[in-house]
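Printed here is model-v4.pdb (PDB, C-alpha atoms):
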```pdb
ATOM      1  CA  MET A 892      62.645 119.003  74.159
ATOM      2  CA  LYS A 893      64.456 119.945  70.946
ATOM      3  CA  ALA A 894      67.505 117.923  69.952
ATOM      4  CA  PRO A 895      70.117 120.709  70.496
ATOM      5  CA  ALA A 896      68.720 121.520  73.931
ATOM      6  CA  ARG A 897      68.653 117.829  74.859
ATOM      7  CA  ALA A 898      72.276 117.464  73.770
ATOM      8  CA  VAL A 899      73.365 120.423  75.890
ATOM      9  CA  LEU A 900      71.442 119.086  78.897
ATOM     10  CA  THR A 901      73.068 115.658  78.517
ATOM     11  CA  LEU A 902      76.533 117.233  78.304
ATOM     12  CA  LEU A 903      75.946 119.325  81.433
ATOM     13  CA  ILE A 904      74.793 116.294  83.391
ATOM     14  CA  LEU A 905      77.766 114.237  82.180
ATOM     15  CA  LEU A 906      80.250 116.917  83.142
ATOM     16  CA  GLY A 907      78.486 117.972  86.336
ATOM     17  CA  ILE A 908      79.692 121.411  85.273
ATOM     18  CA  THR A 909      77.595 123.478  87.652
ATOM     19  CA  GLY A 910      78.915 122.052  90.882
ATOM     20  CA  ILE A 911      81.928 119.778  91.295
ATOM     21  CA  PRO A 912      82.404 119.406  95.077
ATOM     22  CA  CYS A 913      86.083 118.680  95.397
ATOM     23  CA  PHE A 914      88.010 120.821  97.790
ATOM     24  CA  ALA A 915      87.723 122.257 101.260
ATOM     25  CA  ALA A 916      90.410 121.647 103.834
ATOM     26  CA  ASP A 917      90.706 122.841 107.403
ATOM     27  CA  LYS A 918      93.765 123.564 109.513
ATOM     28  CA  ILE A 919      93.982 120.502 111.750
ATOM     29  CA  ARG A 920      97.551 120.245 113.035
ATOM     30  CA  SER A 921      97.361 116.986 114.993
ATOM     31  CA  LEU A 922      96.296 113.755 113.349
ATOM     32  CA  CYS A 923      96.493 112.166 116.795
ATOM     33  CA  GLU A 924      93.109 113.712 117.566
ATOM     34  CA  ILE A 925      91.370 111.830 114.762
ATOM     35  CA  HIS A 926      90.149 108.451 115.962
ATOM     36  CA  TYR A 927      89.589 105.302 113.920
ATOM     37  CA  PRO A 928      87.895 102.057 115.017
ATOM     38  CA  THR A 929      91.114 100.089 114.464
ATOM     39  CA  ASP A 930      93.337 102.448 116.497
ATOM     40  CA  TYR A 931      92.934 100.306 119.608
ATOM     41  CA  LEU A 932      94.683  97.421 117.831
ATOM     42  CA  TYR A 933      98.025  99.242 117.848
ATOM     43  CA  GLU A 934     100.256 100.957 120.377
ATOM     44  CA  TRP A 935     101.385 104.313 119.062
ATOM     45  CA  ASP A 936     102.967 107.572 120.150
ATOM     46  CA  CYS A 937     101.961 111.059 119.074
ATOM     47  CA  VAL A 938     105.038 112.656 117.489
ATOM     48  CA  LYS A 939     105.357 116.258 116.369
ATOM     49  CA  VAL A 940     107.148 116.588 113.031
ATOM     50  CA  THR A 941     110.127 118.952 112.864
ATOM     51  CA  GLY A 942     111.714 120.643 109.875
ATOM     52  CA  LYS A 943     114.454 117.987 109.832
ATOM     53  CA  ASP A 944     112.033 115.066 109.729
ATOM     54  CA  SER A 945     110.863 113.017 106.759
ATOM     55  CA  PRO A 946     108.473 110.054 106.537
ATOM     56  CA  TYR A 947     111.513 107.774 106.236
ATOM     57  CA  LYS A 948     113.163 109.272 109.324
ATOM     58  CA  ILE A 949     110.003 108.913 111.412
ATOM     59  CA  PHE A 950     108.683 105.564 110.125
ATOM     60  CA  GLY A 951     111.801 103.922 108.655
ATOM     61  CA  LYS A 952     111.593 101.525 105.727
ATOM     62  CA  GLN A 953     107.850 101.216 106.314
ATOM     63  CA  TRP A 954     107.265 104.909 105.683
ATOM     64  CA  GLN A 955     104.468 104.175 103.224
ATOM     65  CA  ASP A 956     102.657 102.112 105.859
ATOM     66  CA  GLY A 957     103.170 104.964 108.332
ATOM     67  CA  LEU A 958     101.568 107.461 105.965
ATOM     68  CA  ARG A 959      98.680 105.102 105.238
ATOM     69  CA  PHE A 960      98.186 104.598 108.977
ATOM     70  CA  ASN A 961      97.770 108.381 109.257
ATOM     71  CA  ARG A 962      95.716 108.663 106.025
ATOM     72  CA  MET A 963      98.086 111.359 104.748
ATOM     73  CA  ASP A 964     100.526 111.937 101.865
ATOM     74  CA  ARG A 965     104.122 113.177 101.754
ATOM     75  CA  ARG A 966     103.072 116.683 100.727
ATOM     76  CA  HIS A 967     101.275 117.172 104.058
ATOM     77  CA  PHE A 968     104.068 115.718 106.192
ATOM     78  CA  LEU A 969     105.071 119.167 107.417
ATOM     79  CA  ALA A 970     106.877 120.656 110.391
ATOM     80  CA  GLY A 971     104.429 121.321 113.216
ATOM     81  CA  MET A 972     102.080 118.486 112.268
ATOM     82  CA  SER A 973     101.597 115.758 114.890
ATOM     83  CA  VAL A 974     101.270 112.199 113.601
ATOM     84  CA  LYS A 975     100.649 108.748 115.027
ATOM     85  CA  VAL A 976     103.792 106.605 115.110
ATOM     86  CA  PRO A 977     103.255 102.911 115.949
ATOM     87  CA  LYS A 978     105.598 101.621 118.650
ATOM     88  CA  HIS A 979     106.055  98.440 116.640
ATOM     89  CA  MET A 980     106.110  99.289 112.938
ATOM     90  CA  GLU A 981     105.978  95.624 111.963
ATOM     91  CA  ASP A 982     102.412  95.597 113.320
ATOM     92  CA  ILE A 983     101.239  97.836 110.473
ATOM     93  CA  LYS A 984     103.089  96.145 107.618
ATOM     94  CA  GLU A 985     100.893  96.440 104.490
ATOM     95  CA  PHE A 986      98.426  98.359 106.639
ATOM     96  CA  ASN A 987      94.764  97.742 105.837
ATOM     97  CA  PRO A 988      91.767  98.272 108.156
ATOM     98  CA  MET A 989      89.162  97.054 105.626
ATOM     99  CA  PRO A 990      87.434  93.669 106.079
ATOM    100  CA  PRO A 991      88.885  90.893 103.889
ATOM    101  CA  PHE A 992      85.353  89.888 102.880
ATOM    102  CA  TYR A 993      82.254  92.041 102.347
ATOM    103  CA  PRO A 994      79.293  89.613 102.203
ATOM    104  CA  GLU A 995      76.801  92.202 100.939
ATOM    105  CA  ALA A 996      78.789  92.339  97.682
ATOM    106  CA  ASP A 997      79.306  88.626  97.094
ATOM    107  CA  LYS A 998      77.106  88.719  93.975
ATOM    108  CA  GLU A 999      78.771  91.795  92.467
ATOM    109  CA  PRO A1000      81.786  91.395  90.133
ATOM    110  CA  LYS A1001      83.230  94.641  91.516
ATOM    111  CA  THR A1002      82.253  96.814  94.484
ATOM    112  CA  ILE A1003      83.891  99.863  96.074
ATOM    113  CA  LEU A1004      83.308 100.189  99.823
ATOM    114  CA  ILE A1005      84.166 103.542 101.428
ATOM    115  CA  ASP A1006      84.318 103.505 105.222
ATOM    116  CA  GLN A1007      84.368 107.156 106.303
ATOM    117  CA  ASN A1008      84.855 106.101 109.913
ATOM    118  CA  GLU A1009      88.158 104.492 108.936
ATOM    119  CA  MET A1010      88.756 106.989 106.083
ATOM    120  CA  TYR A1011      89.653 104.020 103.910
ATOM    121  CA  LEU A1012      88.427 102.472 100.678
ATOM    122  CA  GLY A1013      88.243  98.813  99.721
ATOM    123  CA  ALA A1014      87.860  97.332  96.227
ATOM    124  CA  TYR A1015      86.052  93.981  96.220
ATOM    125  CA  GLU A1016      85.514  91.268  93.640
ATOM    126  CA  PHE A1017      82.516  89.088  94.507
ATOM    127  CA  GLY A1018      82.915  90.231  98.094
ATOM    128  CA  THR A1019      86.654  89.520  98.402
ATOM    129  CA  LEU A1020      89.034  92.410  99.057
ATOM    130  CA  VAL A1021      91.606  92.898  96.292
ATOM    131  CA  PHE A1022      92.829  96.437  96.986
ATOM    132  CA  SER A1023      92.567  99.068  99.719
ATOM    133  CA  ALA A1024      93.659 102.681 100.138
ATOM    134  CA  PRO A1025      93.368 105.651 102.517
ATOM    135  CA  VAL A1026      91.056 108.416 101.351
ATOM    136  CA  ALA A1027      90.150 112.029 101.951
ATOM    137  CA  VAL A1028      86.396 112.418 102.486
ATOM    138  CA  GLY A1029      83.967 115.338 102.561
ATOM    139  CA  VAL A1030      83.632 117.836 105.383
ATOM    140  CA  ALA A1031      80.435 117.452 107.387
ATOM    141  CA  GLU A1032      78.226 120.008 105.641
ATOM    142  CA  PHE A1033      78.934 118.574 102.176
ATOM    143  CA  ARG A1034      79.300 114.883 102.945
ATOM    144  CA  LEU A1035      77.017 112.605 100.952
ATOM    145  CA  LYS A1036      74.463 110.487 102.757
ATOM    146  CA  ASN A1037      75.555 106.957 103.455
ATOM    147  CA  GLY A1038      74.148 104.497 100.954
ATOM    148  CA  SER A1039      74.675 102.817  97.599
ATOM    149  CA  TYR A1040      75.727 104.596  94.406
ATOM    150  CA  ARG A1041      77.281 103.469  91.126
ATOM    151  CA  ILE A1042      80.122 104.611  88.878
ATOM    152  CA  ASP A1043      78.474 106.081  85.763
ATOM    153  CA  ALA A1044      81.281 108.110  84.144
ATOM    154  CA  VAL A1045      85.077 108.044  84.077
ATOM    155  CA  ASP A1046      87.751 110.502  82.969
ATOM    156  CA  PRO A1047      91.509 109.941  83.424
ATOM    157  CA  ARG A1048      92.313 113.665  83.080
ATOM    158  CA  HIS A1049      89.263 115.301  84.609
ATOM    159  CA  GLU A1050      89.589 118.888  85.866
ATOM    160  CA  SER A1051      87.436 121.124  88.009
ATOM    161  CA  SER A1052      85.341 123.719  86.207
ATOM    162  CA  LEU A1053      85.042 125.727  89.429
ATOM    163  CA  TYR A1054      88.258 125.756  91.426
ATOM    164  CA  PRO A1055      91.885 126.590  90.525
ATOM    165  CA  VAL A1056      95.156 125.243  91.797
ATOM    166  CA  GLU A1057      96.206 127.443  94.700
ATOM    167  CA  GLY A1058      98.034 130.540  93.528
ATOM    168  CA  SER A1059      97.217 130.027  89.858
ATOM    169  CA  GLU A1060      94.437 130.099  87.294
ATOM    170  CA  ARG A1061      95.014 126.477  86.309
ATOM    171  CA  PRO A1062      91.927 124.276  86.910
ATOM    172  CA  TYR A1063      92.333 121.957  89.866
ATOM    173  CA  PRO A1064      93.077 118.390  88.668
ATOM    174  CA  MET A1065      90.720 115.488  89.372
ATOM    175  CA  HIS A1066      92.779 112.892  87.538
ATOM    176  CA  TYR A1067      91.664 109.283  87.333
ATOM    177  CA  GLY A1068      88.130 110.479  87.993
ATOM    178  CA  LEU A1069      85.303 108.022  88.692
ATOM    179  CA  ARG A1070      81.930 109.731  88.967
ATOM    180  CA  PHE A1071      79.473 107.942  91.235
ATOM    181  CA  HIS A1072      76.630 110.415  91.826
ATOM    182  CA  VAL A1073      74.936 113.433  90.247
ATOM    183  CA  GLU A1074      72.553 115.450  92.387
ATOM    184  CA  LYS A1075      70.124 118.152  91.261
ATOM    185  CA  ARG A1076      70.537 121.187  93.499
ATOM    186  CA  GLY A1077      68.793 124.480  92.990
ATOM    187  CA  ASP A1078      69.785 125.831  89.620
ATOM    188  CA  GLY A1079      72.231 123.104  88.607
ATOM    189  CA  TRP A1080      73.799 119.716  89.150
ATOM    190  CA  THR A1081      76.397 118.726  91.700
ATOM    191  CA  SER A1082      78.590 115.782  90.753
ATOM    192  CA  TYR A1083      80.602 113.585  93.082
ATOM    193  CA  TRP A1084      83.797 111.821  92.014
ATOM    194  CA  ILE A1085      86.444 109.478  93.339
ATOM    195  CA  HIS A1086      89.720 110.963  92.056
ATOM    196  CA  GLY A1087      93.368 111.693  92.761
ATOM    197  CA  ARG A1088      94.130 114.611  95.076
ATOM    198  CA  ASP A1089      96.071 115.637  98.175
ATOM    199  CA  LEU A1090      95.503 113.600 101.353
ATOM    200  CA  PRO A1091      95.969 115.768 104.462
ATOM    201  CA  GLY A1092      94.821 113.092 106.913
ATOM    202  CA  TYR A1093      91.358 114.514 107.657
ATOM    203  CA  PRO A1094      88.095 115.346 105.817
ATOM    204  CA  ALA A1095      88.994 117.865 103.150
ATOM    205  CA  SER A1096      86.479 117.985 100.283
ATOM    206  CA  HIS A1097      83.005 119.114  99.265
ATOM    207  CA  GLY A1098      81.945 115.498  98.919
ATOM    208  CA  CYS A1099      84.426 113.933  96.522
ATOM    209  CA  ILE A1100      86.534 110.975  97.648
ATOM    210  CA  GLY A1101      90.273 111.529  97.187
ATOM    211  CA  LEU A1102      93.111 109.030  96.786
ATOM    212  CA  TYR A1103      96.893 109.287  96.500
ATOM    213  CA  ASP A1104      98.091 110.785  93.203
ATOM    214  CA  GLU A1105     101.756 111.789  93.484
ATOM    215  CA  GLU A1106     102.027 111.795  89.699
ATOM    216  CA  MET A1107      99.609 114.740  89.682
ATOM    217  CA  GLN A1108     101.451 116.424  92.554
ATOM    218  CA  LEU A1109     104.727 116.308  90.634
ATOM    219  CA  GLU A1110     103.078 117.818  87.555
ATOM    220  CA  TYR A1111     101.254 120.571  89.421
ATOM    221  CA  TYR A1112     103.453 121.259  92.457
ATOM    222  CA  GLY A1113     106.872 119.997  91.403
ATOM    223  CA  GLU A1114     107.126 117.340  94.112
ATOM    224  CA  PRO A1115     107.785 114.593  95.027
ATOM    225  CA  ALA A1116     110.581 114.006  92.531
ATOM    226  CA  LYS A1117     109.773 110.284  92.339
ATOM    227  CA  PRO A1118     106.006 109.578  92.513
ATOM    228  CA  LEU A1119     105.321 106.358  94.398
ATOM    229  CA  LEU A1120     101.867 106.696  95.973
ATOM    230  CA  MET A1121      99.468 106.117  93.065
ATOM    231  CA  ASP A1122      96.248 104.645  94.489
ATOM    232  CA  ALA A1123      93.987 106.777  92.262
ATOM    233  CA  GLN A1124      95.589 105.329  89.148
ATOM    234  CA  GLN A1125      95.403 101.780  90.465
ATOM    235  CA  LEU A1126      91.700 102.056  91.343
ATOM    236  CA  TYR A1127      90.903 103.709  87.994
ATOM    237  CA  ARG A1128      92.578 100.903  86.040
ATOM    238  CA  TRP A1129      90.776  98.302  88.145
ATOM    239  CA  VAL A1130      87.426  99.926  87.349
ATOM    240  CA  VAL A1131      87.966 100.773  83.668
ATOM    241  CA  GLY A1132      90.298  98.007  82.541
ATOM    242  CA  THR A1133      91.008  97.894  78.812
ATOM    243  CA  ASP A1134      87.927  99.968  77.941
ATOM    244  CA  ASP A1135      89.583 103.304  78.703
ATOM    245  CA  THR A1136      89.272 105.802  75.836
ATOM    246  CA  GLY A1137      91.503 108.368  77.519
ATOM    247  CA  THR A1138      88.612 110.834  77.648
ATOM    248  CA  LEU A1139      85.365 111.421  79.523
ATOM    249  CA  GLN A1140      82.984 108.538  78.878
ATOM    250  CA  ARG A1141      79.817 107.022  80.275
ATOM    251  CA  VAL A1142      80.057 103.578  81.826
ATOM    252  CA  ARG A1143      78.066 101.237  84.029
ATOM    253  CA  GLY A1144      80.700 100.645  86.621
ATOM    254  CA  PRO A1145      80.969  99.110  90.082
ATOM    255  CA  MET A1146      78.568  99.790  92.914
ATOM    256  CA  VAL A1147      79.907 102.318  95.440
ATOM    257  CA  VAL A1148      78.834 101.888  99.065
ATOM    258  CA  ILE A1149      79.460 104.715 101.538
ATOM    259  CA  MET A1150      79.216 104.027 105.269
ATOM    260  CA  GLY A1151      80.268 105.554 108.578
ATOM    261  CA  GLU A1152      81.305 109.057 109.617
ATOM    262  CA  PRO A1153      84.747 110.465 110.499
ATOM    263  CA  GLN A1154      85.446 110.727 114.237
ATOM    264  CA  ILE A1155      86.793 114.260 114.625
ATOM    265  CA  PRO A1156      86.337 116.550 117.642
ATOM    266  CA  PRO A1157      83.940 119.342 116.520
ATOM    267  CA  ASP A1158      86.178 122.031 118.005
ATOM    268  CA  LYS A1159      88.968 120.947 115.633
ATOM    269  CA  LEU A1160      86.949 121.840 112.546
ATOM    270  CA  ARG A1161      87.351 125.590 112.348
ATOM    271  CA  PRO A1162      86.267 126.963 108.949
ATOM    272  CA  VAL A1163      88.713 129.304 107.264
ATOM    273  CA  PRO A1164      86.794 131.269 104.580
ATOM    274  CA  ASP A1165      88.750 132.244 101.499
ATOM    275  CA  ALA A1166      87.387 134.237  98.568
ATOM    276  CA  ALA A1167      89.480 132.302  96.064
ATOM    277  CA  MET A1168      88.161 128.914  97.287
ATOM    278  CA  THR A1169      91.542 127.333  96.684
ATOM    279  CA  PRO A1170      92.677 123.956  98.045
ATOM    280  CA  GLY A1171      93.622 124.333 101.689
ATOM    281  CA  THR A1172      90.428 126.192 102.581
ATOM    282  CA  LEU A1173      87.307 124.998 104.355
ATOM    283  CA  LEU A1174      83.996 126.617 103.487
ATOM    284  CA  ALA A1175      82.263 128.429 106.302
ATOM    285  CA  PRO A1176      79.032 126.744 107.455
ATOM    286  CA  GLY A1177      76.181 127.634 105.129
ATOM    287  CA  ALA A1178      78.469 128.880 102.355
ATOM    288  CA  SER A1179      77.828 127.693  98.807
ATOM    289  CA  PRO A1180      80.284 125.314  97.101
ATOM    290  CA  ARG A1181      79.601 126.970  93.734
TER     291      ARG A1181
END
```
Could you render the structure from this file as structure tokens?
Amino acid sequence: MKAPARAVLTLLILLGITGIPCFAADKIRSLCEIHYPTDYLYEWDCVKVTGKDSPYKIFGKQWQDGLRFNRMDRRHFLAGMSVKVPKHMEDIKEFNPMPPFYPEADKEPKTILIDQNEMYLGAYEFGTLVFSAPVAVGVAEFRLKNGSYRIDAVDPRHESSLYPVEGSERPYPMHYGLRFHVEKRGDGWTSYWIHGRDLPGYPASHGCIGLYDEEMQLEYYGEPAKPLLMDAQQLYRWVVGTDDTGTLQRVRGPMVVIMGEPQIPPDKLRPVPDAAMTPGTLLAPGASPR
């Protein structure tokens, strides 16, 4: 292969430019119908949000724990949505369903464990949990197979080359991006990233793993006025440390282990095709993510 062609090929693989699987969201209106293994540990009521409600009004001072318990962000706390509200909020203080120790990673300096059944992520150092966060995972037809992967590229300001922000031509942000897999499909490559995005409380992507990024939401959507939920940034800094160049770069990062499957009633996943393929839309079965 000639040098120029090899350089172009390398760049395409690094960017994953032909298929970044990042968005696809359905119209689930009740998070009470999504079941997690740790749900039985808590008593909770299913509460329908009204236009006068806010996370603080529903959950009190522990509103962040309440959102984490529902695996959702403030932007999706909307009137008409039903959420789980623990009867005793003190029970979910600093909520975390991930195991405090992951023995399979006790020899690894850093490991990222993604439990799709819990829709939660854990960051481990030599098997000991140091950080956890709720995540948005892929919808069934685009979800990666469970198994082990590894972070091989990072980009703090990554953007989609395929999908725009809803109602605009601006590329959809994938800030604090950590790429963990590149897959050859048909006529191109599909890349999978852990990155900041919206968290609606249910599977919502084409395979990427999303974390809280209210800093991005303020920049792109104008809210919330004071970003507080910043898990994507925290995980990125934990992975990259002082080696961040501020641009796309190759790395040999932590192992990423994906396990489990979300427990969602099949009849609640109703695809809503949309020609623009904007966030807030789920691909119809068999449709292409390109």
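Selection result for the displayed file, with the PyMOL selection byres ((chain A and resi 987) around 10) as criterion, is Thr929, Asp956, Arg959, Phe960, Ile983, Lys984, Glu985, Phe986, Pro988, Met989, Pro990, Pro991, Glu1009, Tyr1011, Leu1012, Gly1013, Phe1022, Ser1023, Ala1024 and Pro1025 of chain A.
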Could you tell me which of A:Thr1138, A:Thr941, A:Gln955, A:Asn1037 comes closest to His1066 (chain A) if we count only C-alpha atoms?
->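 Result for the nearest residue to His1066 (chain A): A:Thr1138.
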State, in Å with one decimal place, the distance from CA of Trp1084 (chain A) to CA of Lys1117 (chain A).
->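 Computing the Euclidean distance for CA of Trp1084 (chain A) and CA of Lys1117 (chain A) yields 26.0 Å.
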Could you tell me which residues the PyMOL selection byres ((chain A and resi 999) around 9) grabs in this file, written as a PyMOL selection string?
-> chain A and resi 995-998+1000-1002+1015-1018+1145-1146
So what does the PyMOL selection byres ((chain A and resi 1098) around 7) actually pick up in this one, as a list in words?
->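 Written out, the selection comes to Pro912, Cys913, Val1028, Gly1029, Phe1033, Arg1034, Leu1035, Tyr1083, Ser1096, His1097, Cys1099 and Ile1100 of chain A.
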In Å, how far is it from CA of Leu958 (chain A) to CA of Pro946 (chain A)?
->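 Distance reported for this atom pair: 7.4 Å.
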What residues have an atom no more than 6 Å from (87.8, 110.5, 85.6) in the file's own frame, counting only C-alpha atoms, and can you write them as a list in words?
->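 Every polymer residue passing the test: Val1045, Asp1046, Pro1047, His1049, His1066, Tyr1067, Gly1068 and Leu1069 of chain A.
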What lies within 12 Å of Leu1090 (chain A) using all atoms listed in the file, ignoring chain neighbours under 4 positions off, as number ranges by chain?
-> A: 914-916, 958-959, 961-968, 1010-1011, 1024-1029, 1086, 1094-1096, 1100-1105, 1108, 1120-1123, 1170-1171
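CA of Arg920 (chain A) to CA of Ser973 (chain A) spans 6.3 Å [interatomic distance, one decimal].
Remark: for Met980 (chain A), the closest of the candidate residues A:Ser1039, A:Gln953, A:Gln1007, A:Gln1125 is A:Gln953 (distances computed over only C-alpha atoms).
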Can you pull out every residue within 8 Å of Lys978 (chain A), counting all atoms listed in the file, but drop anything in the same chain fewer than 3 positions away, and send it as a PyMOL selection string?
-> chain A and resi 933-936
Which of these residues is nearest to Tyr927 (chain A), using all atoms listed in the file: A:Tyr1063, A:Gly1087, A:Asn1008, A:Tyr1040?
->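 Checking each candidate against Tyr927 (chain A), we get A:Asn1008 as the closest.
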Could the centre and edge lengths of an axis-aligned box, enclosing all atoms of region 993-1003 of chain A in the file with 8 Å extra on each side, be given in Å to one decimal as lines of an AutoDock Vina configuration file?
```
center_x = 80.3
center_y = 94.2
center_z = 96.2
size_x = 23.1
size_y = 27.2
size_z = 28.2
```
Pick out the closest residue to Asp982 (chain A) from this set: A:Cys937, A:Leu932, A:Ser945, A:Leu1053. Count all atoms listed in the file.
->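 Selected residue with least distance to Asp982 (chain A): A:Leu932.
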With N, CA, C and O atoms as the goal, would you fill in the gaps in region 920-939 of chain A and present it as a PDB file, in the coordinates of the input?
```pdb
ATOM      1  N   ARG A 920      96.098 120.379 112.928  1.00  0.00           N
ATOM      2  CA  ARG A 920      97.551 120.245 113.035  1.00  0.00           C
ATOM      3  C   ARG A 920      97.964 118.981 113.783  1.00  0.00           C
ATOM      4  O   ARG A 920      99.153 118.721 113.928  1.00  0.00           O
ATOM      5  N   SER A 921      97.015 118.221 114.292  1.00  0.00           N
ATOM      6  CA  SER A 921      97.361 116.986 114.993  1.00  0.00           C
ATOM      7  C   SER A 921      96.468 115.852 114.526  1.00  0.00           C
ATOM      8  O   SER A 921      95.273 115.832 114.820  1.00  0.00           O
ATOM      9  N   LEU A 922      97.053 114.913 113.799  1.00  0.00           N
ATOM     10  CA  LEU A 922      96.296 113.755 113.349  1.00  0.00           C
ATOM     11  C   LEU A 922      96.067 112.775 114.494  1.00  0.00           C
ATOM     12  O   LEU A 922      95.302 111.822 114.348  1.00  0.00           O
ATOM     13  N   CYS A 923      96.686 113.020 115.616  1.00  0.00           N
ATOM     14  CA  CYS A 923      96.493 112.166 116.795  1.00  0.00           C
ATOM     15  C   CYS A 923      95.092 112.346 117.381  1.00  0.00           C
ATOM     16  O   CYS A 923      94.630 111.513 118.171  1.00  0.00           O
ATOM     17  N   GLU A 924      94.426 113.431 117.020  1.00  0.00           N
ATOM     18  CA  GLU A 924      93.109 113.712 117.566  1.00  0.00           C
ATOM     19  C   GLU A 924      91.989 113.172 116.682  1.00  0.00           C
ATOM     20  O   GLU A 924      90.813 113.380 116.979  1.00  0.00           O
ATOM     21  N   ILE A 925      92.356 112.488 115.610  1.00  0.00           N
ATOM     22  CA  ILE A 925      91.370 111.830 114.762  1.00  0.00           C
ATOM     23  C   ILE A 925      91.381 110.351 115.128  1.00  0.00           C
ATOM     24  O   ILE A 925      92.435 109.718 115.162  1.00  0.00           O
ATOM     25  N   HIS A 926      90.221 109.808 115.422  1.00  0.00           N
ATOM     26  CA  HIS A 926      90.149 108.451 115.962  1.00  0.00           C
ATOM     27  C   HIS A 926      89.481 107.496 114.982  1.00  0.00           C
ATOM     28  O   HIS A 926      88.437 107.798 114.411  1.00  0.00           O
ATOM     29  N   TYR A 927      90.104 106.330 114.807  1.00  0.00           N
ATOM     30  CA  TYR A 927      89.589 105.302 113.920  1.00  0.00           C
ATOM     31  C   TYR A 927      89.244 104.054 114.727  1.00  0.00           C
ATOM     32  O   TYR A 927      89.873 103.790 115.766  1.00  0.00           O
ATOM     33  N   PRO A 928      88.283 103.261 114.271  1.00  0.00           N
ATOM     34  CA  PRO A 928      87.895 102.057 115.017  1.00  0.00           C
ATOM     35  C   PRO A 928      89.055 101.087 115.247  1.00  0.00           C
ATOM     36  O   PRO A 928      89.079 100.386 116.268  1.00  0.00           O
ATOM     37  N   THR A 929      90.013 101.054 114.319  1.00  0.00           N
ATOM     38  CA  THR A 929      91.114 100.089 114.464  1.00  0.00           C
ATOM     39  C   THR A 929      92.293 100.634 115.265  1.00  0.00           C
ATOM     40  O   THR A 929      93.284  99.922 115.468  1.00  0.00           O
ATOM     41  N   ASP A 930      92.223 101.872 115.739  1.00  0.00           N
ATOM     42  CA  ASP A 930      93.337 102.448 116.497  1.00  0.00           C
ATOM     43  C   ASP A 930      93.701 101.616 117.723  1.00  0.00           C
ATOM     44  O   ASP A 930      94.869 101.517 118.109  1.00  0.00           O
ATOM     45  N   TYR A 931      92.673 101.034 118.357  1.00  0.00           N
ATOM     46  CA  TYR A 931      92.934 100.306 119.608  1.00  0.00           C
ATOM     47  C   TYR A 931      93.770  99.041 119.384  1.00  0.00           C
ATOM     48  O   TYR A 931      94.293  98.453 120.344  1.00  0.00           O
ATOM     49  N   LEU A 932      93.917  98.628 118.133  1.00  0.00           N
ATOM     50  CA  LEU A 932      94.683  97.421 117.831  1.00  0.00           C
ATOM     51  C   LEU A 932      96.185  97.655 117.894  1.00  0.00           C
ATOM     52  O   LEU A 932      96.966  96.697 117.900  1.00  0.00           O
ATOM     53  N   TYR A 933      96.600  98.922 117.943  1.00  0.00           N
ATOM     54  CA  TYR A 933      98.025  99.242 117.848  1.00  0.00           C
ATOM     55  C   TYR A 933      98.445 100.181 118.969  1.00  0.00           C
ATOM     56  O   TYR A 933      97.697 101.077 119.367  1.00  0.00           O
ATOM     57  N   GLU A 934      99.652 100.003 119.451  1.00  0.00           N
ATOM     58  CA  GLU A 934     100.256 100.957 120.377  1.00  0.00           C
ATOM     59  C   GLU A 934     100.987 102.006 119.549  1.00  0.00           C
ATOM     60  O   GLU A 934     101.773 101.660 118.658  1.00  0.00           O
ATOM     61  N   TRP A 935     100.722 103.275 119.831  1.00  0.00           N
ATOM     62  CA  TRP A 935     101.385 104.313 119.062  1.00  0.00           C
ATOM     63  C   TRP A 935     101.642 105.543 119.925  1.00  0.00           C
ATOM     64  O   TRP A 935     100.995 105.757 120.946  1.00  0.00           O
ATOM     65  N   ASP A 936     102.633 106.313 119.500  1.00  0.00           N
ATOM     66  CA  ASP A 936     102.967 107.572 120.150  1.00  0.00           C
ATOM     67  C   ASP A 936     102.569 108.723 119.242  1.00  0.00           C
ATOM     68  O   ASP A 936     102.566 108.592 118.008  1.00  0.00           O
ATOM     69  N   CYS A 937     102.260 109.851 119.839  1.00  0.00           N
ATOM     70  CA  CYS A 937     101.961 111.059 119.074  1.00  0.00           C
ATOM     71  C   CYS A 937     103.267 111.851 118.948  1.00  0.00           C
ATOM     72  O   CYS A 937     103.836 112.283 119.950  1.00  0.00           O
ATOM     73  N   VAL A 938     103.742 112.015 117.729  1.00  0.00           N
ATOM     74  CA  VAL A 938     105.038 112.656 117.489  1.00  0.00           C
ATOM     75  C   VAL A 938     104.837 113.918 116.655  1.00  0.00           C
ATOM     76  O   VAL A 938     104.173 113.890 115.620  1.00  0.00           O
ATOM     77  N   LYS A 939     105.436 115.008 117.109  1.00  0.00           N
ATOM     78  CA  LYS A 939     105.357 116.258 116.369  1.00  0.00           C
ATOM     79  C   LYS A 939     106.503 116.336 115.360  1.00  0.00           C
ATOM     80  O   LYS A 939     107.678 116.217 115.718  1.00  0.00           O
TER      81      LYS A 939
END
```
